[in-house]
Amino acid sequence: MSRLVIWSEQEAQQKLAQRLRDAQEDRRWLERQWNSNERTIFNTNGSNIPTNVSIDINETWNGLNGVNQGDGFVGINYAVKNFRFIHAHLSANPPTVLPRPTSNDPEDRRRADAADRLVRYALREYRMQETVDKASNNTLLYGTGFTKSIWDTTKGDPLDMDEEGNFVMEGEYCIKVPNVWNIFIDPDASNWEDVRYVFERIVIPWEEAVFRFPDKVDLLKQYRQQQLDEQQNNPQSNSRSLIKEHKYDVVELFEYWEKGSPMNGFVGRFCICSQDGHLVSEMMENPEQYAPGSKSKEDKRKRLPVACLPYQIFTEIDIPNAVWGKSFVEYVVALQDNLNRIDNVTLENMQAHGVARLILPEGSEIADDSITNSPWDIIKITGSQPPHFMNPMPLPQVMPDLMARYKTGMDDMSGVNESMFGQQSRETSGFSMQYATNQGNMIRRRLFNKYVLFVEDIYNSYLKIVQKHWEVPRTIKVLGKEKAFESIDIKGADIQGGYDLVVEYGASLSLDPTTRREEIMTLMPLFEKAGVEPRRIMQMMKLNELSSIYDTLELAKDRQREIFEEMIAKGIYIRPEELQDHKNMLSFAYYYLMTTEFKYLQEDEKALVRRHVREREEIAASSVGAQAL
C-alpha cells in the first residue's frame with residue numbers, strides 16, 4: 001500500500017538544498033572537460049588554452065613563457081571541421097515521423113491523419129527541426145543535450161483580466177533547448193528512466209521576477225546582490241561555461257521538477273527555489289501530468305494522470321551507470337593541441353629564416369651610421385674566426401609525418417574518412433566509395449539509434465500536450481500530403497488514441513539521398529524481376545526537393561481509397577467515372593482486395609467494393625479497345 005508523503009515548508013527547504021548540492025557535486029567531474037571542449041571548438045585556431053574565448057588568443061599564447069618566440073600564431077582547427085560535418089550529417093538526415101493507425105478502422109485512420117497534420121504543423125510553427133539541430137549541437141559538444149517541452153500558461157492570446165489587473169492567457173506549447181550547464185539531475189540515477197528529479201537554473205529579468213513574486217521582493221534583492229558580488233569576485237567560476245554571456249538586470253533561480261511516484265501521489269512536485277533551497281514560489285503539483293494510453297481497445301479503465309519530467313535527453317557516447325554522455329571532442333583535444341604546437345614551431349622557424357645574423361670578430365669596428373632598420377643582426381664574438389652567417393636550426397624530418405599522423409588520428413577518433421567528404425586518394429569504384437562511407441558511419445550507429453528515440457520522445461510529448469490542453473478546436477494551417485495548403489480545425493480529442501508514432505531513420509540504404517538513389521538504380525533490374533512496379537521504385541527514390549512531383553503518383557491511390565471509404569461509411573454505391581487513371585486506380589483496388597481491412601468488412605460492404613472494381617475494369621477495357629481501333 002503506497003502512502004502519500006507531504007513536505008512541510010522547512011522540510012522542503014532542507015531537501016531541496018541537499019538535493020541541489022548533491023546534483024551539482026555529482027556533475028563536477030564533467031565540467032572541466034566541458035570547458036576544454038568549448039575552448040577547442042569555439043577558438044578559431046582550436047587552441048585549448050585556459051582562458052575565456054572572448055579574449056584575444058594570440059596575446060595569451062605569447063605570454064605563456066618567457067622566451068620571445070615571435071608575434072605570430074597559427075592553428076588550423078581540424079576538430080571543428082569534423083564537428084560541423086557530423087552535425088550537418090544529423091541535420092541533413094532527420095528521422096521521419098509518421099503517425100500510423102493501429103487498426104484498419106477508418107476512425108483510427110482519421111486520427112492518424114489528424115496527428116500527421118499536427119506533426120507537419122509543428123515543423124513549421126514551432127520549428128522542430130531547428131530545435132532538434134540545436135540540441136544535437138549540444139550533444140556533440142558536451143556529450144549530452146536536452147530539450148524541454150511544456151505548456152506555457154503565460155503565452156498565447158489574452159482571454160480575460162481579473163480585478164487586480166492580472167491577465168488570463170490562452171496558453172501555448174513551448175519547446176526550447178536549455179543550456180546543459182543549467183541542468184542538474186538526480187545523482188543516484190543510472191539511466192534517464194530512473195531520474196526522479198531535475199533542477200534547472202533559470203534567469204528571470206528583474207522586472208518579471210518582481211511581477212511574478214511580489215511577496216518575495218526582499219528575498220529576491222538579497223539573491224540578486226549575492227549574484228552580483230559573485231560575478232565581481234569570481235568572474236571565471238569553474239562551474240560556468242566559458243562562453244556564457246554576462247547577465248545584468250536579472251536574478252538567477254532554480255526550477256525543481258519531480259516525477260510522479262507513489263511517494264508524491266503520482267502528481268509530482270514543482271517549485272521555484274533559490275540556491276539554498278528557499279521557496280520563491282509555493283510547492284505545487286507538477287503541471288506536466290498525462291494519462292498513460294491503453295495498449296488495447298478492450299481496456300476501458302480510466303487511468304489516473306502521472307506526472308513526468310518535461311525534458312528529453314540525447315547523449316552521444318554512453319557512460320556505464322551514468323545518465324550523462326561523453327563527446328568525441330574529448331578524444332581529439334590533445335591531438336589538436338599538438339598540431340597547433342607543430343604549426344607554431346614551423347612558423348617560428350620561418351620567422352628565424354627571415355632574420356640574417358652576421359657573426360663578426362670582437363675587434364671589428366662598426367660605424368655609427370651602419371645601424372639601420374635592416375633585418376640583419378650583427379653579433380660580435382671573441383676569437384680569430386672569420387665573419388660568417390649563422391643559419392637557423394632546421395626542422396626535424398619527422399614533423400610532416402607526425403602532422404599527418406595527428407590529422408589521421410583526429411579523423412579516426414571523429415569517425416570520418418575521406419569518402420564522406422567526396423574525396424578519394426586513388427581511383428576507386430562507386431561501390432567501394434559507398435562501402436567506405438557506410439562503414440565509416442557505422443561508428444555512429446548507436447548515435448543514430450538514440451537520435452531516433454530522441455525525436456520520438458519530442459513528438460510524443462508534443463502530441464500529449466496537445467491532447468490535454470487543446471480543449472476547444474484550433475485552426476491550423478499546414479501543407480498537406482499533396483502539397484495543398486490546408487486550413488483545418490483540430491482539438492485534443494481528435495488525436496486521443498487510434499494511432500502510434502513510427503520514427504524511422506534511413507538505415508536500409510545509404511543515409512545520403514543521392515547515394516541512396518544510385519543504389520536503387522543499381523538494384524532496379526532485380527526489383528523489376530521480383531515484380532516491383534516502376535511506380536514503387538520511383539517512390540523509393542523520393543527526394544525532398546521532388547516531393548510535389550512524386551505526390552502525383554499517389555493521386556490515383558488516394559482517390560480510389562476515398563471512394564472505398566465513402567461507400568463503406570455511407571452504405572451507398574459510387575460508380576467509377578470515365579477519363580480517370582483506371583490502370584493505377586485498379587492497381588490499388590487489387591491490392592485493397594488482398595488486405596485484412598477488406599477481409600473483415602461486412603458482406604454488403606464487400607459487394608459494393610467488388611461491384612465498383614468490376615465496373616472500373618469494364619471501363620478500362622473499353623478505353624483500351626477504343627484506342628486500338
# chains A, B, ... in the order shown; residues from 1 in each chain; ligands from 1
call {"tool": "residues_around", "arguments": {"residues": "Ala79 in chain A", "least_positions_apart": "4", "cutoff": "8 Å", "atoms": "only C-alpha atoms", "output": "MDAnalysis selection string"}}
result
chainID A and resid 40:41 46 83 329 332:333 336 410
call {"tool": "select_by_dssp", "arguments": {"residues": "range 139-361 of chain A", "states": "helix (DSSP H, G or I)", "output": "ChimeraX atom specification"}}
result
/A:139-142,180-182,192-194,206-212,214-233,262-264,328-331,333-353
call {"tool": "select_by_dssp", "arguments": {"residues": "range 439-528 of chain A", "states": "strand (DSSP E or B)", "output": "list in words"}}
result
Arg474, Thr475, Ile476, Lys477, Val478, Leu479, Phe485, Glu486, Ser487, Ile488, Asp489, Ile490, Tyr499, Asp500, Leu501, Val502, Val503 and Glu504 of chain A
call {"tool": "residues_around", "arguments": {"residues": "Asp157 in chain A", "least_positions_apart": "6", "cutoff": "8 Å", "atoms": "only C-alpha atoms", "output": "list in words"}}
result
Met169, Glu170 and Gly171 of chain A
call {"tool": "closest_residue", "arguments": {"among": "A:Ser281, A:Thr595, A:Gln580, A:Ser136", "to": "Arg616 in chain A", "atoms": "only C-alpha atoms"}}
result
A:Gln580
call {"tool": "atom_distance", "arguments": {"atom1": "CA of Asp489 in chain A", "atom2": "CA of Val472 in chain A"}}
result
9.3 Å
call {"tool": "closest_residue", "arguments": {"among": "A:Ala189, A:Tyr590, A:Phe485, A:Gln560", "to": "Asp26 in chain A", "atoms": "only C-alpha atoms"}}
result
A:Ala189
call {"tool": "closest_residue", "arguments": {"among": "A:Glu125, A:Arg517, A:Ala334, A:Gln312", "to": "Lys407 in chain A", "atoms": "only C-alpha atoms"}}
result
A:Ala334
call {"tool": "closest_residue", "arguments": {"among": "A:Val168, A:Ala209, A:Ala115, A:Pro106", "to": "Arg561 in chain A", "atoms": "only C-alpha atoms"}}
result
A:Pro106
call {"tool": "closest_residue", "arguments": {"among": "A:Ile317, A:Ile458, A:Ile520, A:Leu555", "to": "Lys176 in chain A", "atoms": "only C-alpha atoms"}}
result
A:Ile458
call {"tool": "atom_distance", "arguments": {"atom1": "CA of Pro94 in chain A", "atom2": "CA of Tyr505 in chain A"}}
result
7.2 Å
